[in-house]
file final_6.csv (CSV, C-alpha atoms)
chain,number,residue,atom,x,y,z
X,21,MET,CA,-1.8,-11.0,-24.9
X,22,GLU,CA,-4.9,-11.6,-22.7
X,23,ARG,CA,-4.5,-11.9,-19.0
X,24,GLU,CA,-6.3,-14.1,-16.5
X,25,TYR,CA,-7.6,-11.0,-14.7
X,26,ASP,CA,-9.0,-9.3,-17.8
X,27,ASN,CA,-12.5,-10.4,-17.0
X,28,ILE,CA,-12.6,-8.7,-13.6
X,29,PRO,CA,-15.0,-5.9,-14.2
X,30,GLY,CA,-14.3,-2.2,-13.9
X,31,THR,CA,-10.6,-2.9,-12.9
X,32,TYR,CA,-7.4,-1.3,-14.4
X,33,PRO,CA,-4.3,-3.0,-13.1
X,34,LEU,CA,-0.9,-1.5,-14.1
X,35,ASP,CA,0.7,-4.1,-16.4
X,36,SER,CA,3.0,-4.1,-19.4
X,37,ARG,CA,0.1,-3.0,-21.6
X,38,THR,CA,-1.0,0.0,-19.5
X,39,TYR,CA,2.7,0.7,-18.7
X,40,ARG,CA,3.4,1.5,-22.3
X,41,LYS,CA,0.1,3.3,-23.0
X,42,GLY,CA,0.3,5.3,-19.9
X,43,TYR,CA,4.0,6.0,-19.5
X,44,HIS,CA,4.0,9.7,-20.2
X,45,VAL,CA,0.7,10.5,-18.4
X,46,ASN,CA,1.9,8.6,-15.3
X,47,MET,CA,5.3,10.4,-15.4
X,48,PHE,CA,3.4,13.7,-15.6
X,49,LEU,CA,1.3,12.7,-12.6
X,50,MET,CA,4.4,11.5,-10.7
X,51,SER,CA,6.1,14.9,-11.3
X,52,LEU,CA,3.4,16.4,-9.0
X,53,ASN,CA,5.4,14.9,-6.1
X,54,LYS,CA,7.7,17.9,-6.5
X,55,ALA,CA,6.5,21.3,-5.2
X,56,GLU,CA,8.2,23.2,-8.0
X,57,CYS,CA,6.4,21.1,-10.6
X,58,ARG,CA,3.1,21.6,-8.8
X,59,ASP,CA,3.8,25.4,-9.0
X,60,GLN,CA,4.4,25.2,-12.7
X,61,PHE,CA,1.3,23.1,-13.3
X,62,ALA,CA,-0.8,25.6,-11.2
X,63,GLN,CA,0.5,28.5,-13.2
X,64,ASP,CA,-0.5,27.1,-16.6
X,65,GLU,CA,-1.9,23.6,-16.8
X,66,ARG,CA,-1.8,23.3,-20.5
X,67,ALA,CA,1.7,24.7,-20.9
X,68,TYR,CA,3.0,22.3,-18.3
X,69,LEU,CA,1.3,19.3,-19.9
X,70,ASP,CA,2.8,20.3,-23.2
X,71,THR,CA,6.2,19.6,-21.7
X,72,PHE,CA,5.3,15.9,-21.6
X,73,LYS,CA,4.9,13.5,-24.6
X,74,MET,CA,1.3,12.8,-23.8
X,75,LYS,CA,-1.5,12.2,-26.2
X,76,GLU,CA,-4.0,15.0,-26.7
X,77,ASP,CA,-6.9,12.9,-25.2
X,78,GLN,CA,-4.7,12.3,-22.1
X,79,LYS,CA,-4.0,16.0,-21.7
X,80,LEU,CA,-7.7,16.9,-22.0
X,81,ALA,CA,-8.7,14.2,-19.5
X,82,VAL,CA,-6.2,15.7,-17.0
X,83,ILE,CA,-7.4,19.3,-17.6
X,84,GLU,CA,-11.1,18.2,-17.2
X,85,ARG,CA,-10.3,15.9,-14.3
X,86,ARG,CA,-12.0,12.9,-15.9
X,87,TYR,CA,-10.5,10.2,-13.7
X,88,LEU,CA,-12.2,7.1,-15.2
X,89,ASP,CA,-11.1,8.2,-18.7
X,90,LEU,CA,-7.6,8.8,-17.3
X,91,LEU,CA,-7.5,5.1,-16.2
X,92,LYS,CA,-8.8,4.0,-19.5
X,93,LEU,CA,-6.0,6.0,-21.2
X,94,GLY,CA,-3.3,4.3,-19.2
X,95,ALA,CA,-3.0,6.2,-15.9
X,96,ASN,CA,-2.7,4.2,-12.8
X,97,VAL,CA,-4.8,5.1,-9.7
X,98,TYR,CA,-1.8,5.6,-7.4
X,99,TYR,CA,-0.4,8.1,-9.9
X,100,ALA,CA,-3.8,9.7,-10.3
X,101,PHE,CA,-4.0,10.4,-6.6
X,102,LYS,CA,-1.3,13.1,-7.1
X,103,LEU,CA,-3.8,15.1,-9.2
X,104,VAL,CA,-6.5,14.7,-6.6
X,105,SER,CA,-4.1,15.9,-3.9
X,106,PHE,CA,-3.0,18.8,-6.1
X,107,ASP,CA,-6.7,19.9,-6.1
X,108,ARG,CA,-6.8,19.5,-2.3
X,109,GLN,CA,-9.7,17.1,-2.8
X,110,PRO,CA,-10.4,14.0,-0.7
X,111,PRO,CA,-9.9,10.8,-2.6
X,112,GLN,CA,-13.6,9.9,-2.3
X,113,VAL,CA,-14.3,12.6,-4.9
X,114,MET,CA,-12.3,10.6,-7.4
X,115,TYR,CA,-13.7,7.3,-6.2
X,116,GLY,CA,-17.3,8.5,-6.6
X,117,GLN,CA,-16.6,9.9,-10.1
X,118,MET,CA,-15.2,6.5,-11.3
X,119,ALA,CA,-17.9,4.4,-9.7
X,120,GLU,CA,-20.7,2.8,-11.8
X,121,PRO,CA,-23.2,4.4,-11.3
X,122,ARG,CA,-21.4,7.6,-10.5
X,123,LEU,CA,-21.6,8.7,-6.9
X,124,THR,CA,-21.2,12.0,-5.0
X,125,PHE,CA,-18.7,12.2,-2.2
X,126,ASP,CA,-21.5,11.7,0.3
X,127,GLU,CA,-23.0,8.7,-1.6
X,128,PHE,CA,-19.6,7.1,-1.8
X,129,GLN,CA,-19.0,7.6,2.0
X,130,GLN,CA,-22.5,6.1,2.6
X,131,MET,CA,-21.7,3.0,0.5
X,132,MET,CA,-18.5,2.4,2.4
X,133,LEU,CA,-20.1,3.0,5.8
X,134,GLY,CA,-22.8,0.5,4.8
X,135,GLY,CA,-20.1,-2.1,4.4
X,136,GLY,CA,-18.7,-1.3,1.0
X,137,ARG,CA,-19.5,-2.6,-2.5
X,138,PRO,CA,-20.4,-6.3,-2.1
X,139,ILE,CA,-18.2,-8.9,-3.8
X,140,ASN,CA,-21.2,-10.9,-4.9
X,141,GLY,CA,-22.2,-9.9,-8.4
X,142,ASN,CA,-18.9,-8.1,-8.9
X,143,ARG,CA,-16.4,-10.9,-9.5
X,144,SER,CA,-16.5,-11.1,-13.3
X,145,VAL,CA,-17.7,-9.4,-16.4
X,146,GLU,CA,-20.1,-12.3,-16.8
X,147,GLU,CA,-21.6,-11.6,-13.4
X,148,TRP,CA,-22.1,-8.0,-14.5
X,149,ASN,CA,-23.7,-8.9,-17.8
X,150,ASN,CA,-26.1,-11.4,-16.1
X,151,GLY,CA,-26.8,-9.0,-13.2
B,4,MET,CA,22.0,-13.4,18.8
B,5,ALA,CA,19.2,-11.3,17.6
B,6,LYS,CA,15.7,-12.4,18.5
B,7,LEU,CA,12.6,-11.9,16.3
B,8,ILE,CA,9.9,-11.3,18.9
B,9,ALA,CA,6.7,-10.7,16.9
B,10,GLY,CA,5.0,-9.8,13.7
B,11,MET,CA,2.4,-7.2,13.1
B,12,GLY,CA,0.1,-6.8,10.1
B,13,THR,CA,-1.7,-3.5,9.4
B,14,SER,CA,-3.3,-1.6,6.6
B,15,HIS,CA,-1.6,1.6,5.7
B,16,VAL,CA,-4.4,3.8,4.4
B,17,PRO,CA,-3.1,7.4,4.1
B,18,GLY,CA,-6.4,8.8,5.6
B,19,LEU,CA,-5.4,7.2,8.9
B,20,GLY,CA,-2.2,9.3,9.0
B,21,ALA,CA,-4.1,12.4,8.0
B,22,ALA,CA,-6.6,11.8,10.8
B,23,MET,CA,-3.8,11.7,13.3
B,24,ASP,CA,-1.8,14.6,11.8
B,25,ASN,CA,-4.9,16.8,11.7
B,26,GLY,CA,-6.3,15.9,15.1
B,27,LYS,CA,-9.5,14.2,13.8
B,28,THR,CA,-9.2,10.9,15.7
B,29,GLU,CA,-12.1,11.9,18.1
B,30,GLU,CA,-14.5,12.6,15.2
B,31,ASP,CA,-17.4,10.1,14.7
B,32,TYR,CA,-15.9,8.6,11.6
B,33,TRP,CA,-12.6,7.7,13.3
B,34,LYS,CA,-13.1,7.3,17.0
B,35,GLY,CA,-14.4,3.7,16.9
B,36,LEU,CA,-11.3,2.7,15.0
B,37,PHE,CA,-8.8,4.5,17.2
B,38,ALA,CA,-10.5,3.1,20.3
B,39,GLY,CA,-10.1,-0.4,18.8
B,40,LEU,CA,-6.4,0.3,18.3
B,41,GLU,CA,-5.7,1.1,21.9
B,42,PRO,CA,-4.8,-2.5,22.9
B,43,LEU,CA,-2.4,-2.6,19.9
B,44,ARG,CA,-0.7,0.5,21.1
B,45,GLY,CA,-0.5,-0.9,24.6
B,46,TRP,CA,1.2,-4.0,23.2
B,47,HIS,CA,3.7,-1.9,21.3
B,48,GLN,CA,4.5,0.2,24.3
B,49,ALA,CA,5.2,-3.0,26.3
B,50,ASN,CA,7.1,-4.7,23.5
B,51,THR,CA,9.2,-2.1,21.7
B,52,PRO,CA,12.0,-3.9,19.9
B,53,ASP,CA,15.4,-2.4,19.0
B,54,VAL,CA,14.6,-2.6,15.3
B,55,ASN,CA,11.4,-3.1,13.2
B,56,ILE,CA,11.8,-4.5,9.7
B,57,ILE,CA,8.8,-2.9,7.9
B,58,VAL,CA,7.6,-4.4,4.7
B,59,TYR,CA,5.7,-1.9,2.6
B,60,ASN,CA,5.2,-0.7,-0.9
B,61,ASP,CA,6.0,2.6,-2.5
B,62,HIS,CA,3.1,4.4,-4.2
B,63,ALA,CA,4.7,6.2,-7.1
B,64,THR,CA,6.7,8.2,-4.7
B,65,GLU,CA,10.3,7.2,-4.8
B,66,PHE,CA,9.9,4.4,-7.4
B,67,SER,CA,7.9,4.6,-10.6
B,68,LEU,CA,7.7,3.3,-14.2
B,69,ASP,CA,11.3,4.4,-14.6
B,70,SER,CA,12.6,2.0,-12.0
B,71,TYR,CA,10.8,-0.3,-9.6
B,72,SER,CA,12.6,-3.3,-8.3
B,73,THR,CA,10.7,-6.3,-7.0
B,74,PHE,CA,12.3,-6.2,-3.6
B,75,THR,CA,14.3,-3.3,-2.3
B,76,ILE,CA,16.0,-2.9,1.1
B,77,GLY,CA,16.9,0.4,2.7
B,78,VAL,CA,20.4,0.7,4.0
B,79,GLY,CA,20.4,4.4,4.9
B,80,GLU,CA,21.4,5.8,8.2
B,81,SER,CA,18.1,7.6,8.2
B,82,PHE,CA,15.0,8.1,6.0
B,83,LYS,CA,12.8,11.1,5.5
B,84,PRO,CA,9.0,11.1,5.2
B,85,ALA,CA,8.2,11.6,1.5
B,86,ASP,CA,6.4,14.3,-0.4
B,87,GLU,CA,3.8,12.3,-2.3
B,88,GLY,CA,1.9,15.2,-3.7
B,89,TRP,CA,0.6,17.1,-0.7
B,90,GLY,CA,3.9,17.9,1.1
B,91,PRO,CA,5.7,15.5,3.5
B,92,ARG,CA,3.9,14.2,6.6
B,93,ARG,CA,5.1,16.1,9.7
B,94,VAL,CA,6.4,13.0,11.4
B,95,PRO,CA,10.0,12.4,12.7
B,96,GLU,CA,12.7,11.1,10.4
B,97,MET,CA,13.2,7.4,10.7
B,98,LEU,CA,16.6,6.0,11.9
B,99,GLY,CA,17.8,3.1,9.8
B,100,HIS,CA,19.8,0.1,11.0
B,101,PRO,CA,22.4,-0.3,8.2
B,102,GLU,CA,24.2,-3.2,10.0
B,103,LEU,CA,21.1,-5.4,10.2
B,104,ALA,CA,20.0,-4.3,6.7
B,105,TRP,CA,23.4,-5.3,5.2
B,106,HIS,CA,23.4,-8.6,7.2
B,107,ILE,CA,20.0,-9.4,5.7
B,108,ILE,CA,21.2,-8.6,2.2
B,109,GLU,CA,24.2,-10.8,2.5
B,110,SER,CA,22.3,-13.7,4.2
B,111,ALA,CA,19.4,-13.5,1.7
B,112,MET,CA,21.7,-13.4,-1.3
B,113,ALA,CA,23.2,-16.6,-0.1
B,114,ASP,CA,19.6,-17.9,0.0
B,115,GLU,CA,19.1,-17.0,-3.7
B,116,PHE,CA,17.3,-13.6,-3.0
B,117,ASP,CA,18.8,-10.7,-4.9
B,118,LEU,CA,17.7,-7.6,-3.1
B,119,ALA,CA,18.0,-4.2,-4.6
B,120,VAL,CA,19.8,-1.8,-2.3
B,121,ASN,CA,18.9,1.8,-1.7
B,122,ALA,CA,20.3,4.3,0.8
B,123,SER,CA,18.3,7.4,0.0
B,124,MET,CA,14.7,6.5,-0.5
B,125,ASP,CA,12.1,8.7,1.1
B,126,LEU,CA,9.3,6.8,2.7
B,127,ASP,CA,5.7,7.4,1.9
B,128,HIS,CA,2.4,6.7,3.8
B,129,GLY,CA,2.9,2.9,3.1
B,130,PHE,CA,5.7,3.1,5.7
B,131,THR,CA,4.9,6.1,8.0
B,132,VAL,CA,1.2,5.3,8.6
B,133,PRO,CA,2.0,1.9,10.3
B,134,LEU,CA,4.6,3.7,12.5
B,135,SER,CA,1.9,6.2,13.6
B,136,ILE,CA,-0.6,3.4,14.2
B,137,ALA,CA,1.8,1.6,16.5
B,138,TYR,CA,3.5,4.5,18.2
B,139,GLY,CA,1.2,7.5,17.9
B,140,GLN,CA,2.8,10.9,17.7
B,141,PRO,CA,6.2,10.8,19.5
B,142,LYS,CA,9.0,13.4,19.0
B,143,GLU,CA,11.3,10.6,18.0
B,144,TRP,CA,10.4,7.0,16.9
B,145,PRO,CA,11.2,4.5,19.6
B,146,THR,CA,12.8,2.0,17.3
B,147,ALA,CA,15.2,1.9,14.3
B,148,VAL,CA,13.8,0.6,11.1
B,149,VAL,CA,14.8,-1.5,8.1
B,150,PRO,CA,12.5,-0.8,5.2
B,151,VAL,CA,11.7,-3.6,2.8
B,152,CYS,CA,9.9,-2.3,-0.3
B,153,VAL,CA,7.9,-4.8,-2.3
B,154,ASN,CA,6.5,-4.0,-5.8
B,155,VAL,CA,2.8,-4.7,-5.5
B,156,ILE,CA,1.5,-2.2,-8.0
B,157,GLN,CA,3.4,-2.7,-11.3
B,158,HIS,CA,2.8,-6.2,-12.7
B,159,PRO,CA,4.3,-8.7,-12.9
B,160,LEU,CA,4.4,-8.9,-9.1
B,161,PRO,CA,6.2,-11.4,-6.9
B,162,THR,CA,4.0,-14.4,-6.1
B,163,ALA,CA,2.4,-14.8,-2.7
B,164,LEU,CA,4.7,-17.8,-2.2
B,165,ARG,CA,7.8,-15.8,-3.2
B,166,CYS,CA,6.9,-13.2,-0.6
B,167,TYR,CA,6.6,-15.9,2.1
B,168,LYS,CA,10.0,-17.4,1.1
B,169,LEU,CA,11.5,-13.9,1.3
B,170,GLY,CA,10.2,-13.7,4.8
B,171,GLN,CA,11.8,-17.1,5.6
B,172,ALA,CA,15.1,-15.7,4.4
B,173,ILE,CA,14.7,-12.6,6.5
B,174,GLY,CA,13.8,-14.7,9.5
B,175,LYS,CA,16.9,-16.8,9.0
B,176,ALA,CA,19.1,-13.7,8.6
B,177,VAL,CA,17.8,-12.2,11.9
B,178,ALA,CA,18.4,-15.5,13.7
B,179,SER,CA,22.1,-15.4,12.6
B,180,TYR,CA,22.7,-11.7,13.4
B,181,PRO,CA,25.4,-11.7,16.1
B,182,ASP,CA,24.3,-8.8,18.3
B,183,GLU,CA,21.8,-9.3,21.2
B,184,ILE,CA,19.0,-7.2,19.8
B,185,THR,CA,15.2,-7.6,19.6
B,186,VAL,CA,13.5,-7.3,16.2
B,187,GLY,CA,10.0,-7.0,15.0
B,188,ILE,CA,8.6,-7.5,11.5
B,189,TRP,CA,5.6,-5.8,10.0
B,190,GLY,CA,3.6,-6.6,6.9
B,191,THR,CA,1.6,-3.6,5.7
B,192,GLY,CA,-1.2,-2.8,3.2
B,193,GLY,CA,-4.5,-4.4,2.4
B,194,LEU,CA,-6.9,-5.8,3.4
B,195,SER,CA,-9.5,-6.0,0.7
B,196,HIS,CA,-9.9,-2.7,-1.3
B,197,GLN,CA,-10.2,-1.4,-4.8
B,198,LEU,CA,-9.4,2.3,-5.5
B,199,GLY,CA,-9.8,2.6,-9.2
B,200,GLY,CA,-12.4,1.9,-11.9
B,201,GLU,CA,-16.1,1.3,-12.0
B,202,ARG,CA,-15.9,-1.4,-9.3
B,203,VAL,CA,-14.2,1.0,-6.8
B,204,GLY,CA,-15.2,0.3,-3.2
B,205,VAL,CA,-15.4,-3.4,-3.4
B,206,VAL,CA,-14.4,-5.2,-0.1
B,207,ASN,CA,-14.7,-8.8,1.0
B,208,PRO,CA,-14.9,-9.5,4.8
B,209,GLU,CA,-15.1,-13.3,4.3
B,210,VAL,CA,-11.8,-13.4,2.4
B,211,ASP,CA,-10.1,-11.0,4.7
B,212,GLN,CA,-11.1,-12.9,7.9
B,213,ARG,CA,-10.0,-16.2,6.3
B,214,PHE,CA,-6.6,-14.6,5.4
B,215,LEU,CA,-6.2,-13.4,9.0
B,216,ASP,CA,-7.2,-16.8,10.4
B,217,ASN,CA,-4.7,-18.6,8.2
B,218,LEU,CA,-1.8,-16.5,9.5
B,219,SER,CA,-1.8,-18.6,12.7
B,220,LYS,CA,-3.7,-21.7,11.6
B,221,ASP,CA,-2.5,-22.4,8.1
B,222,PRO,CA,-0.1,-19.8,6.8
B,223,LEU,CA,0.8,-21.8,3.6
B,224,ALA,CA,-2.9,-21.5,2.5
B,225,ASN,CA,-2.2,-17.8,2.0
B,226,THR,CA,0.7,-18.6,-0.3
B,227,ARG,CA,-1.5,-20.6,-2.7
B,228,LEU,CA,-3.6,-17.6,-3.8
B,229,SER,CA,-2.8,-16.2,-7.2
B,230,HIS,CA,-2.7,-12.4,-8.0
B,231,THR,CA,-6.0,-12.9,-9.9
B,232,ASP,CA,-7.5,-14.5,-6.8
B,233,PHE,CA,-6.6,-11.5,-4.7
B,234,MET,CA,-7.7,-9.0,-7.3
B,235,ARG,CA,-10.9,-10.7,-8.1
B,236,GLU,CA,-11.9,-11.5,-4.5
B,237,ALA,CA,-10.3,-8.7,-2.5
B,238,GLY,CA,-10.2,-5.8,-5.0
B,239,CYS,CA,-7.4,-4.7,-7.4
B,240,GLU,CA,-5.3,-3.2,-4.6
B,241,GLY,CA,-6.2,-6.1,-2.2
B,242,VAL,CA,-3.2,-7.8,-3.7
B,243,GLU,CA,-1.1,-5.8,-1.3
B,244,MET,CA,-1.9,-8.5,1.2
B,245,ILE,CA,1.0,-10.6,-0.2
B,246,MET,CA,3.3,-8.3,1.8
B,247,TRP,CA,1.8,-9.8,5.0
B,248,ASN,CA,3.2,-13.1,3.8
B,249,VAL,CA,6.7,-11.7,4.1
B,250,MET,CA,6.0,-10.9,7.7
B,251,ARG,CA,4.5,-14.3,8.4
B,252,GLY,CA,7.3,-16.2,6.6
B,253,ALA,CA,9.8,-14.6,8.9
B,254,LEU,CA,8.2,-15.9,12.0
B,255,GLY,CA,8.5,-19.5,13.3
B,256,ASP,CA,6.0,-22.3,12.9
B,257,ASN,CA,4.3,-21.5,16.2
B,258,VAL,CA,2.8,-18.1,16.6
B,259,GLU,CA,0.1,-16.8,18.9
B,260,GLU,CA,-2.4,-14.3,17.8
B,261,VAL,CA,-2.6,-11.7,20.6
B,262,PHE,CA,-4.5,-8.9,18.8
B,263,ARG,CA,-6.9,-8.6,15.9
B,264,LEU,CA,-9.0,-5.7,14.6
B,265,TYR,CA,-11.2,-5.6,11.6
B,266,HIS,CA,-13.1,-2.5,10.6
B,267,ILE,CA,-14.9,-1.3,7.5
B,268,PRO,CA,-14.5,1.4,6.3
B,269,VAL,CA,-11.3,3.4,6.4
B,270,SER,CA,-11.8,5.5,3.3
B,271,ALA,CA,-12.3,2.8,0.6
B,272,THR,CA,-10.5,0.1,2.5
B,273,ALA,CA,-11.3,-2.8,4.9
B,274,TYR,CA,-8.9,-2.1,7.7
B,275,GLY,CA,-7.2,-5.0,9.4
B,276,ALA,CA,-4.5,-5.3,12.0
B,277,ILE,CA,-3.0,-8.4,13.8
B,278,ILE,CA,-0.2,-9.1,16.2
B,279,LEU,CA,1.5,-12.5,16.2
B,280,GLU,CA,4.0,-13.3,18.9
B,281,ASN,CA,6.7,-15.7,18.0
B,282,ARG,CA,6.7,-18.8,20.2

call {"tool": "encode", "arguments": {"input": "final_6.csv", "output": "C-alpha cells"}}
result
Amino acid sequence: MEREYDNIPGTYPLDSRTYRKGYHVNMFLMSLNKAECRDQFAQDERAYLDTFKMKEDQKLAVIERRYLDLLKLGANVYYAFKLVSFDRQPPQVMYGQMAEPRLTFDEFQQMMLGGGRPINGNRSVEEWNNG
Amino acid sequence: MAKLIAGMGTSHVPGLGAAMDNGKTEEDYWKGLFAGLEPLRGWHQANTPDVNIIVYNDHATEFSLDSYSTFTIGVGESFKPADEGWGPRRVPEMLGHPELAWHIIESAMADEFDLAVNASMDLDHGFTVPLSIAYGQPKEWPTAVVPVCVNVIQHPLPTALRCYKLGQAIGKAVASYPDEITVGIWGTGGLSHQLGGERVGVVNPEVDQRFLDNLSKDPLANTRLSHTDFMREAGCEGVEMIMWNVMRGALGDNVEEVFRLYHIPVSATAYGAIILENR
C-alpha cells in the first residue's frame, strides 16, 4: 500500500514494508550492540553474516559498506549507525556517502556549517524532478 | 502533593555526549554551543527537582524490530548507560523512582493509557545526553529519573496529539502523587534533522522556531501536525519532536519560556533547547 510520505525524496522511513524486507539485516546490525558479537564480526565478517538469514545483496552491501544501498535493501539508519561505530568512523562519513550528490566528510561538515541542506526544493519528488 | 515545576526540551544528538566525554567542548566546532548552554545549566543548578521524568526514544538499543512498545515506562531501581555499538558512555548510573513511576502507570491506566512496563532497560544517548546537557559531568546525577520511552522510529508512530494527551495524563498523575516532591519533565530529540538517504542533512529553521514559539503561545498547534508534515518539513528524524508534546502536555495552560537556544549544526541536526516554567 502506498503511504502519504512516499513522495518525500531520498527518505527511507522504517515502516511495515521496510520492517519485513530489512528484518534480518537490521537484527544483524542490532547484534553489534554486544561486544562479543562485534568480536565475532571482526574476526570473519562473511562467516558472521552467514549466521543471519540475510539476502546475498544485503550481505555484500554490509561488507562493502554501501550505506545507501543498505537503506534501499531495508536497513534503517539507526541500525546502520552500529556498523559505522564498529568501524570507529564519525557518522558524517555515512551521511556524505548517502547524500546526493555524494559528499566527503569535509564537504558534509561544510554543508551543515553553512546552515544545512535547505528545505526549499527538497520537499517532494516533484520538486526534485522540476529542480 | 508533588509539584511539577518546569519542562525542558532538548535535542539529544550523540555527538554532544561524545564532545563532553572526550573533552572537546572548547574546540571551535563546539564552544559556541556550550557557551550558549551555560544559562540552561545555571537554571538547572538553581532548580534541581527531586525527580525528572525524561521522555526519550530508544535507538535500536534495548528495543528493536523484535519488540518496541509505543509507550514504555521504566520502573527499575536504577538504570545503566547502554552499549549502543561503541561501548557504554562513562556516565553514572541513573537512579529510578519506582514509586512515582508506578503511580503514573496506575493513574494513566485509569485515563485510558496502557503503558508498557520495563524494569531493566539500559538507557542510550537519547536519555543520557540530555542529562549531561543539563548537569554536566557529576560523579552522581543530582536527581532520580523516570524514563518514558516513545516509539518514534518504527511506524506506525503515536500521533502528535496522542503524545500531548499522554503528557496531560502524566501531569495529572504527578499532581495526585501524595509525597511533597518536586518534579521536572523533559521532552528530548529533534529538532529538524534527517540522517538517512539522499536528502540527508535537511534542516528547517522556520518550522523549528515556529514549533518552539507554539510551546508557550499555542501548544495545540503542535498537535495538529501529521507525521508526514514533520518528515517532509523537518526531515525524516525530525518526527522525534512529537516527544516534546508529551513534555508540553504535562505542564499547565500557563507556562513562561525562560530559556531558548537554537543552533545549526550539531552533526546533522538543528539543535534546540527550551525551558518552560509552570505558572

call {"tool": "residues_around", "arguments": {"input": "final_6.csv", "residues": "segment 76-84 of chain X", "least_positions_apart": "6", "cutoff": "12 Å", "atoms": "all atoms listed in the file", "output": "mmCIF file with C-alpha atoms, in the coordinates of the input"}}
result
data_model
loop_
_atom_site.group_PDB
_atom_site.id
_atom_site.type_symbol
_atom_site.label_atom_id
_atom_site.label_comp_id
_atom_site.auth_asym_id
_atom_site.auth_seq_id
_atom_site.Cartn_x
_atom_site.Cartn_y
_atom_site.Cartn_z
ATOM 1 C CA LYS X 41 0.100 3.300 -23.000
ATOM 2 C CA GLY X 42 0.300 5.300 -19.900
ATOM 3 C CA TYR X 43 4.000 6.000 -19.500
ATOM 4 C CA HIS X 44 4.000 9.700 -20.200
ATOM 5 C CA VAL X 45 0.700 10.500 -18.400
ATOM 6 C CA ASN X 46 1.900 8.600 -15.300
ATOM 7 C CA PHE X 48 3.400 13.700 -15.600
ATOM 8 C CA LEU X 49 1.300 12.700 -12.600
ATOM 9 C CA PHE X 61 1.300 23.100 -13.300
ATOM 10 C CA ALA X 62 -0.800 25.600 -11.200
ATOM 11 C CA ASP X 64 -0.500 27.100 -16.600
ATOM 12 C CA GLU X 65 -1.900 23.600 -16.800
ATOM 13 C CA ARG X 66 -1.800 23.300 -20.500
ATOM 14 C CA ALA X 67 1.700 24.700 -20.900
ATOM 15 C CA TYR X 68 3.000 22.300 -18.300
ATOM 16 C CA LEU X 69 1.300 19.300 -19.900
ATOM 17 C CA ASP X 70 2.800 20.300 -23.200
ATOM 18 C CA LEU X 90 -7.600 8.800 -17.300
ATOM 19 C CA LEU X 91 -7.500 5.100 -16.200
ATOM 20 C CA LYS X 92 -8.800 4.000 -19.500
ATOM 21 C CA LEU X 93 -6.000 6.000 -21.200
ATOM 22 C CA GLY X 94 -3.300 4.300 -19.200
ATOM 23 C CA ALA X 95 -3.000 6.200 -15.900
ATOM 24 C CA TYR X 99 -0.400 8.100 -9.900
ATOM 25 C CA ALA X 100 -3.800 9.700 -10.300
ATOM 26 C CA PHE X 101 -4.000 10.400 -6.600
ATOM 27 C CA LYS X 102 -1.300 13.100 -7.100
ATOM 28 C CA LEU X 103 -3.800 15.100 -9.200
ATOM 29 C CA VAL X 104 -6.500 14.700 -6.600
ATOM 30 C CA PHE X 106 -3.000 18.800 -6.100
ATOM 31 C CA ASP X 107 -6.700 19.900 -6.100
#

call {"tool": "residues_near_point", "arguments": {"input": "final_6.csv", "point": "(-18.9, -9.6, -5.6)", "cutoff": "10 Å", "atoms": "all atoms listed in the file", "output": "PyMOL selection string"}}
result
(chain X and resi 137-144+147-148) or (chain B and resi 202+205-207+235-238)

call {"tool": "closest_atom_pairs", "arguments": {"input": "final_6.csv", "of": "chain X", "to": "chain B", "cutoff": "8 Å", "atoms": "only C-alpha atoms", "output": "Markdown table"}}
result
| residue | atom | partner | partner_atom | distance |
| --- | --- | --- | --- | --- |
| X:Glu24 | CA | B:Thr231 | CA | 6.7 |
| X:Tyr25 | CA | B:Thr231 | CA | 5.4 |
| X:Ile28 | CA | B:Arg235 | CA | 6.1 |
| X:Pro29 | CA | B:Arg202 | CA | 6.7 |
| X:Gly30 | CA | B:Glu201 | CA | 4.4 |
| X:Thr31 | CA | B:Gly200 | CA | 5.2 |
| X:Tyr32 | CA | B:Gly200 | CA | 6.4 |
| X:Pro33 | CA | B:Cys239 | CA | 6.7 |
| X:Leu34 | CA | B:Gln157 | CA | 5.3 |
| X:Asp35 | CA | B:His158 | CA | 4.7 |
| X:Ser36 | CA | B:His158 | CA | 7.0 |
| X:Tyr39 | CA | B:Leu68 | CA | 7.2 |
| X:Tyr43 | CA | B:Leu68 | CA | 7.0 |
| X:Asn46 | CA | B:Leu68 | CA | 7.9 |
| X:Met47 | CA | B:Leu68 | CA | 7.6 |
| X:Met50 | CA | B:Ala63 | CA | 6.4 |
| X:Leu52 | CA | B:Gly88 | CA | 5.6 |
| X:Asn53 | CA | B:Gly88 | CA | 4.3 |
| X:Lys54 | CA | B:Gly88 | CA | 7.0 |
| X:Ala55 | CA | B:Gly90 | CA | 7.6 |
| X:Leu88 | CA | B:Gly200 | CA | 6.2 |
| X:Leu91 | CA | B:Gly200 | CA | 7.3 |
| X:Val97 | CA | B:Gly199 | CA | 5.6 |
| X:Tyr98 | CA | B:His62 | CA | 6.0 |
| X:Tyr99 | CA | B:Ala63 | CA | 6.1 |
| X:Lys102 | CA | B:Gly88 | CA | 5.1 |
| X:Leu103 | CA | B:Gly88 | CA | 7.9 |
| X:Ser105 | CA | B:Trp89 | CA | 5.8 |
| X:Phe106 | CA | B:Gly88 | CA | 6.5 |
| X:Arg108 | CA | B:Trp89 | CA | 7.9 |
| X:Gln112 | CA | B:Ser270 | CA | 7.3 |
| X:Tyr115 | CA | B:Val203 | CA | 6.3 |
| X:Met118 | CA | B:Glu201 | CA | 5.3 |
| X:Ala119 | CA | B:Glu201 | CA | 4.3 |
| X:Glu120 | CA | B:Glu201 | CA | 4.8 |
| X:Pro121 | CA | B:Glu201 | CA | 7.8 |
| X:Gln129 | CA | B:Ser270 | CA | 7.6 |
| X:Met131 | CA | B:Gly204 | CA | 8.0 |
| X:Met132 | CA | B:Pro268 | CA | 5.7 |
| X:Leu133 | CA | B:Pro268 | CA | 5.8 |
| X:Gly135 | CA | B:Ile267 | CA | 6.1 |
| X:Gly136 | CA | B:Gly204 | CA | 5.7 |
| X:Arg137 | CA | B:Val205 | CA | 4.3 |
| X:Pro138 | CA | B:Val205 | CA | 5.9 |
| X:Ile139 | CA | B:Asn207 | CA | 5.9 |
| X:Asn142 | CA | B:Arg202 | CA | 7.4 |
| X:Arg143 | CA | B:Arg235 | CA | 5.7 |
| X:Ser144 | CA | B:Arg235 | CA | 7.7 |

call {"tool": "atom_distance", "arguments": {"input": "final_6.csv", "atom1": "atom CA of Val151 of chain B", "atom2": "atom CA of Ile76 of chain B"}}
result
4.7 Å
